[in-house]
Amino acid sequence: MRSHLRIAAALAAAGLTAAACSGAGGGGSSDDAQSINVLMVNNPQMVDLQKLTADNFTKQTGITVNFTVLPENDVRDKISQDFSSQAGQYDVATISNYETPIYAKNQWLAPLDDFIAKDAGFDQADILPPIAESLKAEDGKVYAEPFYGEASMLMYRKDVLEAKGLQMPEKPTWQQVADIAAQVDGAQPGMKGICLRGLPGWGELMAPLTTVVNTFGGTWFTEDWQAQLNSPEFKEATNFYVNLVRAHGEPGAAQAGFAECLNAMTQGKVAMWYDATSAAGQLEADNSPVKGKLAYAQAPVVKTDASQWLYTWAFGVQKASKKQDAAWKFISWASGKGYEELVGTTEGWAKVPDGKRTSTYANPEYLAKGGSFAKSVEEAIKGAKPNDPGVQKRPAPGIQFVGIPEFTDLGTQVSQKISAAIAGGSSVDDALSSSQGLAEKVAEKYRNK
């Protein structure tokens, strides 16, 4: 889902794909009892994992890990194909809290509870509760373990606001953010007030926009599956978002996703940015031009107490896998406390796959590196409400998405129409009126079940 993983495409172009199918432990095959096949998204944290596996996990356990590493869209397609057919080619795959409950319901995943119960060192209780709950299914069992997690928050240039005599509340409203955006627009040469995603995609534009819809009182569907895209609340939220980015947002907003906003924030072209908490580590990296110039606030609200999204890349085991014991050992290592320590000491604490464990936010070495944002991130993740993100009950879990298989296509089609409104090609009302019909077709399917 996380669109900013497109950053990793540059890594692939630099040579990652050439090594994508290589065995981290020096080879092995799916018939080898001491090897497992892992299908994985090619984001930077996973690239580090691939690099560290042979000299650590394989050396400790004797289990070879054969990685297949692909861009996000490609890996989703391949995982869906292999797991839905239960072909068993891959033992482990990276899935998110969007796919996990759906895959579990379809009986594509192996429950992990028995492995957890026997693995005292893993410490399931240390997993941040919202992350842990999001990786369970209706039967209450655990079907995946997180590699890292994120919420969303507001990132802003504290020096720019101070120069203007402005103060950001710890928990701002969206109207306060809009007012500040107007006042800091042009505060420095070429600087706009805020960056908001406008790039089409269910995991691009629709991720932040849906959190805004939630807190304005809107929803994609009512509890009894009535489509609501043309409701007053959905229209108000979308008009607010579109008008804000058109008035005070980044140039070319209709083609700006996470990567473009990260670049704009890093280069001092915007004063604020509402997006994934995982961006903070990159903004505060040693080579970042804005390191030390930023402050962080919780996701802006209107009618709800909180509005941040919740997302995790996690590892699930294919039910058809004949190597579930070895697969669990890999997951226990990759999602465990020891792996975070390994990354911190070998790769740097800024590269730790965080956002999943309570203990991370008590680690003095990690806090020394992420002290300016760590507690804000922890608060955001702990405060996320994937089962109750708005003012009304929902028919499916999810904050920035609706937890049904059809949402990938529906969300993308709706995002294209709204992105066109951001570009000035249509009005928001027209975009949502036509989108209502798309949503109604999905709703009708579920009402008739």
# chains A, B, ... in the order shown; residues from 1 in each chain; ligands from 1
>>> residues_around(residues="Ala326 (chain A)", least_positions_apart="2", cutoff="8 Å", atoms="only C-alpha atoms", output="list in words")
Gln34, Ser35, Ile36, Ile63, Lys323, Gln324, Trp328, Lys329 and Phe330 of chain A
>>> write_last_selection(atoms="C-alpha atoms", output="short mmCIF file (atom, residue, chain, number, x, y, z; two decimals), in the first residue's frame")
data_model
loop_
_atom_site.label_atom_id
_atom_site.label_comp_id
_atom_site.auth_asym_id
_atom_site.auth_seq_id
_atom_site.Cartn_x
_atom_site.Cartn_y
_atom_site.Cartn_z
CA GLN A 34 17.01 -26.56 5.25
CA SER A 35 15.94 -23.79 2.88
CA ILE A 36 12.88 -21.59 2.54
CA ILE A 63 18.51 -22.45 7.18
CA LYS A 323 8.39 -25.90 5.90
CA GLN A 324 6.39 -23.96 8.41
CA TRP A 328 8.60 -19.41 11.67
CA LYS A 329 12.25 -19.39 12.72
CA PHE A 330 12.95 -16.84 9.98
#
>>> residues_around(residues="Leu432 (chain A)", least_positions_apart="2", cutoff="9 Å", atoms="only C-alpha atoms", output="list in words")
Leu229, Asn230, Phe234, Lys235, Thr238, Val414, Lys417, Ile418, Ser427, Val428, Asp429, Asp430, Ser434, Ser435, Gln436 and Gly437 of chain A
>>> residues_around(residues="Glu379 (chain A)", least_positions_apart="5", cutoff="9 Å", atoms="only C-alpha atoms", output="count of residues only")
3
>>> residues_around(residues="Glu378 (chain A)", least_positions_apart="5", cutoff="9 Å", atoms="only C-alpha atoms", output="short mmCIF file (atom, residue, chain, number, x, y, z; two decimals) with N, CA and C atoms, in the first residue's frame")
data_model
loop_
_atom_site.label_atom_id
_atom_site.label_comp_id
_atom_site.auth_asym_id
_atom_site.auth_seq_id
_atom_site.Cartn_x
_atom_site.Cartn_y
_atom_site.Cartn_z
N LEU A 128 3.25 -3.70 19.43
CA LEU A 128 2.31 -2.62 19.71
C LEU A 128 0.88 -3.10 19.44
N GLU A 150 3.76 1.72 10.75
CA GLU A 150 3.69 3.17 10.64
C GLU A 150 2.27 3.65 10.87
N ALA A 151 2.17 4.92 11.22
CA ALA A 151 0.92 5.64 11.23
C ALA A 151 1.13 6.86 10.33
N GLY A 355 8.44 0.89 14.66
CA GLY A 355 6.99 1.02 14.58
C GLY A 355 6.22 -0.24 14.87
N LYS A 356 6.87 -1.23 15.52
CA LYS A 356 6.16 -2.48 15.79
C LYS A 356 6.27 -2.96 17.22
N THR A 358 6.96 -2.19 21.49
CA THR A 358 7.00 -1.23 22.59
C THR A 358 8.44 -1.02 23.06
N TYR A 361 10.81 1.80 21.76
CA TYR A 361 10.66 3.17 22.23
C TYR A 361 11.13 3.36 23.67
N PHE A 373 11.41 12.57 17.06
CA PHE A 373 10.16 12.07 16.48
C PHE A 373 9.68 10.75 17.06
N GLY A 383 -2.32 5.11 19.07
CA GLY A 383 -3.63 5.76 19.07
C GLY A 383 -4.48 5.46 17.85
#
>>> select_by_dssp(residues="region 174-384 of chain A", states="helix (DSSP H, G or I)", output="VMD selection string")
chain A and resid 174 to 184 206 to 215 232 to 248 253 to 255 258 to 266 279 to 283 324 to 334 337 to 346 349 to 351 358 to 362 364 to 370 374 to 382
>>> select_by_dssp(residues="region 313-412 of chain A", states="strand (DSSP E)", output="ChimeraX atom specification")
/A:313-317
>>> write_last_selection(atoms="C-alpha atoms", output="short mmCIF file (atom, residue, chain, number, x, y, z; two decimals), in the first residue's frame")
data_model
loop_
_atom_site.label_atom_id
_atom_site.label_comp_id
_atom_site.auth_asym_id
_atom_site.auth_seq_id
_atom_site.Cartn_x
_atom_site.Cartn_y
_atom_site.Cartn_z
CA TRP A 313 4.55 -4.71 6.29
CA ALA A 314 4.50 -8.14 7.88
CA PHE A 315 5.52 -11.72 7.19
CA GLY A 316 2.92 -14.42 6.65
CA VAL A 317 3.36 -18.16 6.05
#
>>> residues_around(residues="region 37-53 of chain A", least_positions_apart="2", cutoff="6 Å", atoms="only C-alpha atoms", output="count of residues only")
19
>>> residues_around(residues="Gly336 (chain A)", least_positions_apart="4", cutoff="9 Å", atoms="only C-alpha atoms", output="list in words")
Gly121, Phe122, Asp123, Phe147, Ile331, Ser332, Glu340 and Arg357 of chain A
>>> write_last_selection(atoms="C-alpha atoms", output="tab-separated table (two decimals), in the first residue's frame")
chain	number	residue	atom	x	y	z
A	121	GLY	CA	12.05	-15.33	23.10
A	122	PHE	CA	9.80	-13.74	20.51
A	123	ASP	CA	7.67	-11.80	23.04
A	147	PHE	CA	8.53	-6.27	10.16
A	331	ILE	CA	9.97	-14.69	10.93
A	332	SER	CA	10.84	-14.87	14.63
A	340	GLU	CA	16.51	-4.46	15.57
A	357	ARG	CA	7.53	-3.06	19.31
>>> closest_residue(among="A:Lys375, A:Glu162, A:Pro389, A:Ala423", to="Ala256 (chain A)", atoms="only C-alpha atoms")
A:Ala423
>>> closest_residue(among="A:Gly338, A:Gly281, A:Gly198, A:Gly344", to="Arg246 (chain A)", atoms="only C-alpha atoms")
A:Gly198
